[in-house]
Each structure stands twice: as structure tokens, then as C-alpha cells.
Amino acid sequence: MATKQGVGMANKGPSYGMSRQVQDKIDSKYDPDLELILVEWITRQCGSGVGKPEAGKHGFQSWLKDGCVLSELINSLFSGEKPVKRIQSSPMAFKQMEQISQFLNAAENYGVTKTDMFQTVDLWEGKDLAAVQRTLSALGSLAITKDEGTYKGDPNWFFKKAQENKRDFSDEQMKAGKNVIGLQMGSNKGASQEGMSYGRPRQIL
């Protein structure tokens, strides 16, 4: 097992043609400036125990890859009961992936939307580290927005999400809004272009 671990990124084999282009495009979305902010935030949030990664994408990936730093991070945002009960570093791939998915579940329960979530392979296999950055940024934004006294970073690092005003709507207003949407949705049910003529029929040559 130990020999397999050393392979790391190489076990994907070389990428050719399209997949190489796609990977390059994904890689280009990775933001080195954001990396600095995220590293600074995570170390402030979790304390010096989590260490610091080597600069660059691969350092960032290997720092977060076993899921422990991520689990420490999500736990640090909860003042009461912690969502990730067990944080244990392991050399085994499936244990690392399990730890990452515990973080992802906790982050989703905290309020990170599905569209902002990375997949385990994005981090573990380094497929899309920009997606990992997106998830962590969304988490930082939520922590600032919730303002529960657990966020330990600079408030200017992440955007405050504009979600508080959702609470201002009464139940009646929400129901009225749903009805309007329902009517809009239903207005073209069963509609077709049958019987409609727009000038000359299309010539198919």
C-alpha cells in the first residue's frame, strides 16, 4: 500500500488531446491569490496545528488531501457540537476520501449550496482544485454572513452573502409568490406551434 501512496498524481497517466486541453482549462481557473487568502484563513481558523502547505497548487492539494484540515475547518465554525466527530489522519485512500466526504456533508448542512460543492475526486485526484477553492470561499462567505462569532479571518476576505433578507417575507407573501410562479410555469403547458404560420414554409433542400 505504501508504494501506491508515493505515486500520487502520476497514477492518472498522461493526458492527451482533448482531456489535456480540458484539464489545462480547469487548471487555469485555479487562483494563486485566492490560495494565499484561503491558507491564511484556514490557519487562523484552526490554529497552528494544521501547519501550512507549500506554495502552489500541488502543495495546496496535498495539505487538504486527507480531509483532516478541512474537517478541522468546518468544526471550527461551530461553537457547540461539532459536525465531524472523528478526525483521523490515515495513509489509506478510502479513509482519506471518507474524511473529505464528512467535510462535504458538514459544509452542505452548514449551508454551502450544491452548485458550490466540489466532488471528492476534485481534491483527492487533483481533478479540479479551482472547485475546491470555490467551496472554501463559499464557506468563508457563509461564516461571515451568519456572524455567529466563530469566524476568525478578515471580514474583507470573502463576500457577505445577501441572504438575510429572505427572512423578511411572510408566509402569505411566499405563497403568493409561489402561485405567480405556478401560473407562469403553467401558461405554456400543452402549447405547440401547430396551426401557426410564419410566412412561407421552410424549404428543406
# chains A, B, ... in the order shown; residues from 1 in each chain; ligands from 1

$ select_by_dssp --residues "segment 41-159 of chain A" --states "alpha helix (DSSP H)" --output "short mmCIF file (atom, residue, chain, number, x, y, z; two decimals) with C-alpha atoms, in the first residue's frame"
data_model
loop_
_atom_site.label_atom_id
_atom_site.label_comp_id
_atom_site.auth_asym_id
_atom_site.auth_seq_id
_atom_site.Cartn_x
_atom_site.Cartn_y
_atom_site.Cartn_z
CA TRP A 41 -7.88 31.90 6.81
CA ILE A 42 -7.64 28.16 7.50
CA THR A 43 -4.52 28.55 9.66
CA ARG A 44 -6.14 31.40 11.63
CA GLN A 45 -9.36 29.48 11.94
CA CYS A 46 -7.83 26.17 13.02
CA LYS A 57 -1.50 24.10 -6.40
CA HIS A 58 0.16 20.79 -5.55
CA GLY A 59 1.14 21.96 -2.09
CA PHE A 60 -2.44 23.13 -1.51
CA GLN A 61 -3.80 19.79 -2.69
CA SER A 62 -1.53 17.63 -0.56
CA TRP A 63 -2.25 19.80 2.51
CA LEU A 64 -6.01 19.20 2.19
CA CYS A 68 -8.26 16.36 8.20
CA VAL A 69 -7.55 20.08 7.74
CA LEU A 70 -10.95 20.50 6.05
CA SER A 71 -12.69 18.71 8.93
CA GLU A 72 -10.87 20.89 11.48
CA LEU A 73 -12.01 23.93 9.48
CA ILE A 74 -15.71 23.06 9.41
CA ASN A 75 -15.63 22.09 13.10
CA SER A 76 -14.07 25.46 13.98
CA ALA A 93 -7.04 6.21 0.25
CA PHE A 94 -10.58 5.21 1.21
CA LYS A 95 -10.15 6.66 4.73
CA GLN A 96 -8.93 9.96 3.28
CA MET A 97 -11.87 10.10 0.87
CA GLU A 98 -14.22 9.27 3.73
CA GLN A 99 -12.80 12.17 5.75
CA ILE A 100 -13.26 14.52 2.77
CA SER A 101 -16.89 13.45 2.34
CA GLN A 102 -17.54 14.05 6.05
CA PHE A 103 -16.36 17.62 5.48
CA LEU A 104 -18.56 17.96 2.37
CA ASN A 105 -21.65 16.71 4.24
CA ALA A 106 -20.98 19.08 7.12
CA ALA A 107 -20.39 22.01 4.72
CA GLU A 108 -23.67 21.28 2.95
CA ASN A 109 -25.51 21.15 6.28
CA TYR A 110 -23.86 24.45 7.20
CA THR A 120 -14.15 14.23 -3.57
CA VAL A 121 -12.10 13.39 -6.70
CA ASP A 122 -11.66 17.10 -7.48
CA LEU A 123 -9.44 17.29 -4.43
CA TRP A 124 -8.18 13.76 -3.94
CA LEU A 129 -8.69 22.40 -7.40
CA ALA A 130 -10.48 25.58 -8.51
CA ALA A 131 -13.71 23.85 -7.41
CA VAL A 132 -12.12 23.21 -4.01
CA GLN A 133 -11.29 26.92 -3.79
CA ARG A 134 -14.89 27.77 -4.73
CA THR A 135 -16.28 25.57 -1.92
CA LEU A 136 -13.94 27.08 0.66
CA SER A 137 -14.77 30.63 -0.49
CA ALA A 138 -18.49 29.85 -0.21
CA LEU A 139 -17.87 28.52 3.30
CA GLY A 140 -15.99 31.68 4.26
CA SER A 141 -18.79 33.85 2.86
CA LEU A 142 -21.37 31.91 4.85
CA ALA A 143 -19.35 32.18 8.06
CA ILE A 144 -19.21 35.98 7.66
CA THR A 145 -22.90 36.17 6.77
CA LYS A 146 -24.04 34.03 9.70
#
